[in-house]
Amino acid sequence: MGRRIPGRAAMTRQGLAAAHRIVVKVGSSSLTSRGRLDAARLDALVNALAARRSVGTQIVLVSSGAIAAGIAPLGLRTRPRDLATQQAAASVGQLLLAERYAASFARFDLHVGQVLLTADDLHRRGHYGNAQRTFERLLALGVIPIVNENDTVATQEIRFGDNDRLAALVAHLVGADALILLSDVDGLYTGRPDRADASLITEVDDPAVLAEVRVSGTGSAVGTGGMATKLDAAAIATSEGIPVLLTAASLVGEALEGRTGTLFGAVGGRSTSRLFWLRHATTPRGRLVLDAGAVAAVVQRRMSLLPAGITAVTGDFDAGDPVELAGPDGAVIGRGLVSYDATDLPALLGRRTLELPEGFRREVVHRDDLVVL
Ligand code: GLU
């Protein structure tokens, strides 16, 4: 009894069945029970992925479970709350997880490769390119990359925190045809999934609907705590042209054929990895406040940002760093790579380019280095 929001999404269910490169993300609760790995459930997941691999599809697996798998081996009773113990648990658990995946895929003569990333690795363009090349090579060699956050070294500031968003970033990084998010619920519901009046939403392909659902997701309308991060991940991936399927880990076989769950149809086209990086993977180092004329020039006419249109600068950044662009009311309208150091900018503000000394006549943010949000 699924509810469908009409649109183009139906086509991508078949598209999913035909996808050549798929990123699959699985959550901790689908792989562990009582603080240990659940070998049977992990094997069931691997069986389905190996079957799809055997017909030539390239698979990247983003797997959580490091911390959860380390709990019982360390004699802990519950998931630790402090970061240092979480990191210790992840250090133990990640090894067990990787070992288990290696053994499980070996049943099908398949090799796995471990890729541990921190947010910092995707925030820096050089690292982003490195990671991209590694994935390409692994996939070309027939390996199944298994990705997780590098929990042992990620501090609070540079954590992704959740693997849903990491999976969306990886999906773009590898140019995936589809992203499958597996958890313990079989999709997005109109209310709490355990309530009789709640029904499964089978397809979402209107970003406005997604925004609406997202708001209700913070309350009781959507039943699981993890739904908000899944919707965020779906928003990131679909805006980049990658359809997303959300379903239960136990339904992975059907999911790989597009036959279950909630499908989020692709909304936007794919942007270059440079602009994607700027939009989703950077942390702004400062903020430029624009006057109304500059907002119109940047947003509607897609022009470069000049010193004349900037009224204030905050933050401590160097030329080349990502900064936020805000309108006169403070609302963020975009993000760009600034071409001056923070210390050089105040003297230039509000001045017309021709009045500026030579060497300071370039744009503050060039249009090719700017995304409108
Ligand atoms: N990286 C964490 C782990 O493997 C999980 C993060 C998440 O639950 O999304 O334990």
# chains A, B, ... in the order shown; residues from 1 in each chain; ligands from 1
call {"tool": "residues_around", "arguments": {"residues": "Gly330 of chain A", "least_positions_apart": "5", "cutoff": "10 Å", "atoms": "only C-alpha atoms", "output": "ChimeraX atom specification"}}
result
/A:287-290,325
call {"tool": "residues_around", "arguments": {"residues": "segment 124-133 of chain A", "least_positions_apart": "2", "cutoff": "8 Å", "atoms": "only C-alpha atoms", "output": "PyMOL selection string"}}
result
chain A and resi 120-122+135-137+173-174+274+277+282
call {"tool": "write_last_selection", "arguments": {"atoms": "C-alpha atoms", "output": "tab-separated table (two decimals), in the first residue's frame"}}
result
chain	number	residue	atom	x	y	z
A	120	ASP	CA	39.35	16.30	6.22
A	121	ASP	CA	40.26	13.92	3.40
A	122	LEU	CA	37.25	15.11	1.44
A	135	PHE	CA	38.84	3.96	-5.77
A	136	GLU	CA	39.21	3.84	-9.55
A	137	ARG	CA	42.18	1.56	-9.28
A	173	LEU	CA	33.46	10.75	-5.59
A	174	VAL	CA	33.27	7.45	-7.50
A	274	ARG	CA	35.40	20.59	-8.11
A	277	TRP	CA	33.61	19.47	-3.43
A	282	THR	CA	34.22	22.02	2.32
call {"tool": "residues_near_ligand", "arguments": {"ligand": "ligand 1", "cutoff": "8 Å", "atoms": "only C-alpha atoms and all ligand atoms", "output": "list in words"}}
result
Gly27, Ser28, Ser63, Ser64, Gly65, Ala66, Ile67, Ala68, Ala69, Ala90, Gly93, Gln94, Asn148, Glu149, Asn150, Asp151, Gly161, Asp162, Asn163 and Asp164 of chain A
call {"tool": "atom_distance", "arguments": {"atom1": "atom CA of Ala88 of chain A", "atom2": "atom CA of Val46 of chain A"}}
result
26.3 Å
call {"tool": "residues_around", "arguments": {"residues": "Ala266 of chain A", "least_positions_apart": "2", "cutoff": "9 Å", "atoms": "only C-alpha atoms", "output": "MDAnalysis selection string"}}
result
chainID A and resid 8:9 12 205 237:244 264 268:269
call {"tool": "select_by_dssp", "arguments": {"residues": "segment 47-269 of chain A", "states": "strand (DSSP E or B)", "output": "PyMOL selection string"}}
result
chain A and resi 58-63+112-117+144-149+178-183+188-189+200-204+244-248+262-264
call {"tool": "select_by_dssp", "arguments": {"residues": "segment 9-146 of chain A", "states": "alpha helix (DSSP H)", "output": "ChimeraX atom specification"}}
result
/A:9-18,39-53,66-70,83-106,119-123,125-140
call {"tool": "closest_residue", "arguments": {"among": "A:Ala347, A:Leu337, A:Thr283, A:Leu139", "to": "Ala312 of chain A", "atoms": "only C-alpha atoms"}}
result
A:Ala347
call {"tool": "residues_around", "arguments": {"residues": "Arg351 of chain A", "least_positions_apart": "2", "cutoff": "6 Å", "atoms": "only C-alpha atoms", "output": "short mmCIF file (atom, residue, chain, number, x, y, z; two decimals) with N, CA and C atoms, in the first residue's frame"}}
result
data_model
loop_
_atom_site.label_atom_id
_atom_site.label_comp_id
_atom_site.auth_asym_id
_atom_site.auth_seq_id
_atom_site.Cartn_x
_atom_site.Cartn_y
_atom_site.Cartn_z
N ALA A 308 33.37 45.78 -4.90
CA ALA A 308 32.35 46.83 -4.73
C ALA A 308 31.09 46.32 -4.05
N LEU A 348 39.66 46.89 0.46
CA LEU A 348 39.11 46.90 -0.90
C LEU A 348 37.59 47.06 -0.94
N LEU A 349 36.94 46.83 0.20
CA LEU A 349 35.48 46.72 0.20
C LEU A 349 34.78 47.98 -0.30
#
call {"tool": "closest_residue", "arguments": {"among": "A:Met227, A:Ala72, A:Val323, A:Ala255", "to": "Arg36 of chain A", "atoms": "only C-alpha atoms"}}
result
A:Ala72
call {"tool": "residues_around", "arguments": {"residues": "Leu246 of chain A", "least_positions_apart": "4", "cutoff": "8 Å", "atoms": "only C-alpha atoms", "output": "short mmCIF file (atom, residue, chain, number, x, y, z; two decimals) with all heavy atoms, in the first residue's frame"}}
result
data_model
loop_
_atom_site.label_atom_id
_atom_site.label_comp_id
_atom_site.auth_asym_id
_atom_site.auth_seq_id
_atom_site.Cartn_x
_atom_site.Cartn_y
_atom_site.Cartn_z
N ILE A 180 22.48 3.04 -2.42
CA ILE A 180 21.48 2.28 -1.65
C ILE A 180 21.80 2.44 -0.17
O ILE A 180 22.92 2.14 0.26
CB ILE A 180 21.48 0.79 -2.04
CG1 ILE A 180 21.12 0.65 -3.53
CG2 ILE A 180 20.51 0.01 -1.17
CD1 ILE A 180 21.09 -0.79 -4.02
N LEU A 181 20.85 2.95 0.59
CA LEU A 181 21.05 3.12 2.04
C LEU A 181 20.26 2.04 2.77
O LEU A 181 19.03 1.99 2.68
CB LEU A 181 20.54 4.50 2.49
CG LEU A 181 21.23 5.73 1.89
CD1 LEU A 181 20.51 7.01 2.33
CD2 LEU A 181 22.71 5.79 2.31
N LEU A 182 20.97 1.17 3.49
CA LEU A 182 20.32 0.06 4.18
C LEU A 182 20.29 0.32 5.68
O LEU A 182 21.31 0.67 6.27
CB LEU A 182 21.08 -1.24 3.93
CG LEU A 182 21.23 -1.67 2.46
CD1 LEU A 182 22.15 -2.88 2.36
CD2 LEU A 182 19.86 -1.98 1.85
N SER A 183 19.12 0.14 6.27
CA SER A 183 19.04 0.30 7.73
C SER A 183 18.07 -0.75 8.26
O SER A 183 17.91 -1.80 7.66
CB SER A 183 18.59 1.71 8.08
OG SER A 183 17.23 1.88 7.75
N ASP A 186 12.21 -0.45 6.31
CA ASP A 186 12.21 -0.73 4.87
C ASP A 186 11.89 0.48 3.99
O ASP A 186 11.60 0.32 2.81
CB ASP A 186 11.28 -1.90 4.55
CG ASP A 186 9.83 -1.58 4.86
OD1 ASP A 186 9.58 -0.58 5.56
OD2 ASP A 186 8.95 -2.33 4.42
N GLY A 187 11.97 1.67 4.56
CA GLY A 187 11.78 2.86 3.73
C GLY A 187 11.30 4.04 4.55
O GLY A 187 11.32 4.00 5.78
N LEU A 188 10.88 5.07 3.84
CA LEU A 188 10.38 6.28 4.48
C LEU A 188 8.86 6.17 4.61
O LEU A 188 8.17 5.84 3.64
CB LEU A 188 10.75 7.48 3.60
CG LEU A 188 10.35 8.86 4.10
CD1 LEU A 188 11.10 9.23 5.37
CD2 LEU A 188 10.62 9.89 3.01
N GLY A 261 11.53 -0.61 -1.07
CA GLY A 261 11.98 0.62 -0.42
C GLY A 261 11.45 1.91 -1.01
O GLY A 261 10.54 1.92 -1.84
N THR A 262 12.02 3.00 -0.54
CA THR A 262 11.67 4.33 -1.02
C THR A 262 12.74 4.79 -2.01
O THR A 262 13.92 4.76 -1.68
CB THR A 262 11.63 5.34 0.16
OG1 THR A 262 10.67 4.90 1.11
CG2 THR A 262 11.25 6.73 -0.34
N LEU A 263 12.30 5.17 -3.18
CA LEU A 263 13.24 5.65 -4.18
C LEU A 263 13.21 7.17 -4.25
O LEU A 263 12.14 7.76 -4.40
CB LEU A 263 12.91 5.07 -5.55
CG LEU A 263 13.93 5.46 -6.60
CD1 LEU A 263 15.13 4.53 -6.53
CD2 LEU A 263 13.34 5.43 -7.98
#
call {"tool": "closest_residue", "arguments": {"among": "A:Ile144, A:Ala296, A:Val62, A:Ala248", "to": "Ala102 of chain A", "atoms": "only C-alpha atoms"}}
result
A:Ile144
call {"tool": "residues_around", "arguments": {"residues": "Ala171 of chain A", "least_positions_apart": "5", "cutoff": "7 Å", "atoms": "only C-alpha atoms", "output": "PyMOL selection string"}}
result
chain A and resi 23+176+179
call {"tool": "write_last_selection", "arguments": {"atoms": "N, CA, C and O atoms", "output": "compact mmCIF listing (two decimals), in the first residue's frame"}}
result
# COMPACT_ATOMS: atom_id res chain seq x y z
N VAL A 23 26.95 2.36 -4.92
CA VAL A 23 27.45 2.47 -3.55
C VAL A 23 26.34 1.97 -2.62
O VAL A 23 25.19 2.38 -2.73
N ALA A 176 29.04 7.15 -8.89
CA ALA A 176 28.12 6.00 -8.83
C ALA A 176 26.84 6.27 -9.63
O ALA A 176 26.43 7.42 -9.77
N LEU A 179 22.83 5.01 -5.25
CA LEU A 179 23.23 4.85 -3.84
C LEU A 179 22.11 4.10 -3.13
O LEU A 179 20.94 4.47 -3.24
call {"tool": "residues_around", "arguments": {"residues": "Arg107 of chain A", "least_positions_apart": "5", "cutoff": "12 Å", "atoms": "only C-alpha atoms", "output": "NGL selection string"}}
result
:A and (43 or 46-47 or 50-51 or 100-102 or 112)
call {"tool": "closest_residue", "arguments": {"among": "A:Val24, A:Ala326, A:Val313, A:Pro73", "to": "Ala48 of chain A", "atoms": "only C-alpha atoms"}}
result
A:Val24
call {"tool": "closest_residue", "arguments": {"among": "A:Thr247, A:Leu278, A:Leu305, A:Ala228", "to": "Thr353 of chain A", "atoms": "only C-alpha atoms"}}
result
A:Leu305
